[in-house]
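Reviewing the structure listed below.
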Amino acid sequence: MIEWLLEPLQFAFMSRAMLVTLVAAITCAILSCWLVQIGWSLMGDAVSHAVLPGVAVSYILGWPFAIGAFIFGAGAVALIGGVRATTKIKADAAIGVVFTSLFALGLVIISKTPSQTDLGHILFGNVLGVSDSDILQVVVIGAIAVALLLFKRRDLTLYAFDRGHADAIGINTKWLSVLLLGLLALTVVVALQAVGIILVVAMLITPGATAYLLTKRFDRMLWLAVLITAAASIVGLYASYYFDASTGGCVVLAQGAAFVLAYLFGPRGGVVVNAVRARREVTA
């Protein structure tokens, strides 16, 4: 058993993948708790897809992917806000139009860019091929995002649960909204290396949704989201190694399996738990 556990870690690419995936997963897990509570799941989907043209342009110009991804992620948020402010289109429609258009633009740029590098890795992740500079970028950006989230956690939590009260006591909720959206863009940049653009939204939503099914307390929800996503990431990495399957796909599947278990057996309305309780009440 010990040999089975240690074998993948003998390879440098697996150790690098473990580090990058854990940093990305933990960063996404912390942010996901607020996204789920506020109801910004679709916004996470929008930003994760909208960064694709930024990544492609960064490659063409020889810039780090993080620069273009952040610019286009922040730009997508600004575009969505502009469309909502100047039209009667609802938020979900504005989000859908902006992120699909930017994602399509990214696909066109990639298809017309001659390259010896497979930019398709950006879509599906390439965590097994990360370089030293990629690792440094992920760790630094992830640390910044987590530090800001934890530093402002009290204000962000009040904003998520009762925006009116936050305004009443003098908290600048507009600034908090901008901060959260900026951190969303940063977090997407971190997760790109691990699972790619298409699966980023799963890492941004699933951990928070899973923890939500397990506890009513938000501080406990944060810790549970981190623990669950870290465990799922390790399980996914080992599964991808031994089954020779997509690393990002295995990580996200492991997180999905954790959600299913919480859905079935979670203390906050798990399907099986509710069925057992109902049966006991009937027999009583």
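Order determines the names: the first chain of the structure tokens is A, the second B, and so forth; residues in each chain are numbered 1 upward, and ligands are numbered 1 upward as they are shown.
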Using only C-alpha atoms, what table do you get, as JSON lines, when you list each residue of segment 37-140 of chain A with an atom no more than 6 Å from segment 170-194 of chain A, its nearest pair of atoms, and their distance in Å rounded to one decimal, rows by chain then rising number?
```
{"residue": "A:Ser48", "atom": "CA", "partner": "A:Val188", "partner_atom": "CA", "distance": 5.7}
{"residue": "A:Ala66", "atom": "CA", "partner": "A:Val189", "partner_atom": "CA", "distance": 5.7}
{"residue": "A:Phe70", "atom": "CA", "partner": "A:Ala185", "partner_atom": "CA", "distance": 5.7}
{"residue": "A:Gly73", "atom": "CA", "partner": "A:Ala185", "partner_atom": "CA", "distance": 5.3}
{"residue": "A:Gly125", "atom": "CA", "partner": "A:Ala194", "partner_atom": "CA", "distance": 5.4}
{"residue": "A:Asn126", "atom": "CA", "partner": "A:Gln193", "partner_atom": "CA", "distance": 6.0}
{"residue": "A:Val127", "atom": "CA", "partner": "A:Ala194", "partner_atom": "CA", "distance": 4.8}
{"residue": "A:Val138", "atom": "CA", "partner": "A:Val190", "partner_atom": "CA", "distance": 5.1}
```
Output C-alpha atoms for every residue in that selection, as a short mmCIF file (atom, residue, chain, number, x, y, z; two decimals), in the first residue's frame.
```cif
data_model
loop_
_atom_site.label_atom_id
_atom_site.label_comp_id
_atom_site.auth_asym_id
_atom_site.auth_seq_id
_atom_site.Cartn_x
_atom_site.Cartn_y
_atom_site.Cartn_z
CA SER A 48 -13.56 31.16 -16.81
CA ALA A 66 -1.75 35.19 -16.58
CA PHE A 70 -6.62 38.57 -16.14
CA GLY A 73 -11.44 38.22 -17.32
CA GLY A 125 -5.30 21.75 -18.72
CA ASN A 126 -1.72 20.55 -18.83
CA VAL A 127 -0.78 20.20 -15.21
CA VAL A 138 0.36 29.78 -9.64
#
```
Counting only C-alpha atoms, which residues of segment 4-55 of chain A fall within 12 Å of segment 236-244 of chain A, and what is the closest atom pair for each with its distance in Å at one decimal, ordered by chain and rising number, as a Markdown table?
```
| residue | atom | partner | partner_atom | distance |
| --- | --- | --- | --- | --- |
| A:Trp4 | CA | A:Tyr238 | CA | 9.6 |
| A:Leu5 | CA | A:Tyr238 | CA | 8.2 |
| A:Leu6 | CA | A:Tyr238 | CA | 10.3 |
| A:Glu7 | CA | A:Tyr241 | CA | 9.9 |
| A:Pro8 | CA | A:Tyr241 | CA | 7.1 |
| A:Leu9 | CA | A:Tyr238 | CA | 9.7 |
| A:Phe11 | CA | A:Tyr241 | CA | 10.8 |
| A:Phe13 | CA | A:Tyr241 | CA | 10.9 |
| A:Met14 | CA | A:Leu237 | CA | 8.2 |
| A:Ser15 | CA | A:Leu237 | CA | 10.2 |
| A:Arg16 | CA | A:Leu237 | CA | 11.2 |
| A:Ala17 | CA | A:Leu237 | CA | 8.0 |
| A:Met18 | CA | A:Leu237 | CA | 7.2 |
| A:Leu19 | CA | A:Leu237 | CA | 10.8 |
| A:Val20 | CA | A:Leu237 | CA | 11.2 |
| A:Thr21 | CA | A:Leu237 | CA | 8.5 |
| A:Leu22 | CA | A:Leu237 | CA | 10.1 |
| A:Ala25 | CA | A:Gly236 | CA | 11.5 |
```
For Val55 of chain A, find every residue with an atom within 7 Å (counting only C-alpha atoms), except residues of its own chain fewer than 6 positions away, and show them as a VMD selection string. chain A and resid 65 68 to 69
Let me see the file: selected residues, N, CA and C atoms, as a CSV table (one decimal), in the first residue's frame.
```csv
chain,number,residue,atom,x,y,z
A,65,PHE,N,0.8,33.9,-19.7
A,65,PHE,CA,-0.7,33.7,-19.9
A,65,PHE,C,-1.5,34.4,-18.9
A,68,GLY,N,-2.8,38.2,-20.0
A,68,GLY,CA,-3.9,38.2,-20.9
A,68,GLY,C,-5.2,37.7,-20.3
A,69,ALA,N,-5.0,36.6,-19.5
A,69,ALA,CA,-6.2,36.0,-18.9
A,69,ALA,C,-6.9,37.0,-17.9
```
Between A:Lys112, A:Thr283, A:Cys250, A:Ala258, which residue has the minimum interatomic distance to Ile60 of chain A, considering only C-alpha atoms?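 Of the candidates, the smallest distance to Ile60 of chain A is held by A:Lys112.
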What is the atom CA of Val201 of chain A-atom CA of Val272 of chain A distance in Å, reported with one decimal?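 Atom CA of Val272 of chain A lies 27.5 Å from atom CA of Val201 of chain A.
When only C-alpha atoms are used to compute distances to Thr210 of chain A, the closest of the residues A:Gly82, A:Gly270, A:Gly196, A:Gly44 turns out to be A:Gly270.
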Which neighbours of segment 273-280 of chain A fall inside 12 Å, counting only C-alpha atoms, when residues of the same chain fewer than 5 positions from it are skipped, and could you give them as a list in words?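 My reading of the contact set: Leu213, Leu214, Leu261, Ala262, Tyr263, Leu264, Phe265, Gly266, Pro267 and Arg268 of chain A.
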Write out as a PyMOL selection string all residues of segment 28-166 of chain A that backbone DSSP assigns to helix (DSSP H, G or I). chain A and resi 28-38+41-50+52-61+65-86+91-111+121-124+127-129+132-151+153-161+163-166
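Between atom CA of Ser58 of chain A and atom CA of Phe103 of chain A the interatomic distance comes to 15.0 Å.
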Nearest to Ser32 of chain A by atom-to-atom distance, counting only C-alpha atoms, from A:Leu253, A:Met203, A:Ala230, A:Val146: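 Checking each candidate against Ser32 of chain A, we get A:Met203 as the closest.
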Could you pull the residues within 10 Å of Ser41 of chain A, counting only C-alpha atoms, minus those fewer than 6 positions along the same chain, as a ChimeraX atom specification? /A:32,34-35,201-202,204-206,209
Atom CA of Ala91 of chain A and atom CA of Leu123 of chain A are how many Å apart? 25.4 Å
Restricting the calculation to only C-alpha atoms, which member of A:Pro207, A:Gly142, A:Gly54, A:Gly248 is positioned closest to Val260 of chain A?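 Closest to Val260 of chain A, using only C-alpha atoms: A:Pro207.
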Excluding same-chain residues fewer than 2 positions from Arg154 of chain A, what lies within 12 Å of it counting only C-alpha atoms, as number ranges by chain? A: 34, 148-152, 156-162, 166, 171, 176, 218-219
For Ile71 of chain A, which residue among A:Val51, A:Ala211, A:Ala254, A:Val139 is the nearest when counting only C-alpha atoms?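 Of A:Val51, A:Ala211, A:Ala254, A:Val139, the one nearest Ile71 of chain A, counting only C-alpha atoms, is A:Val51.
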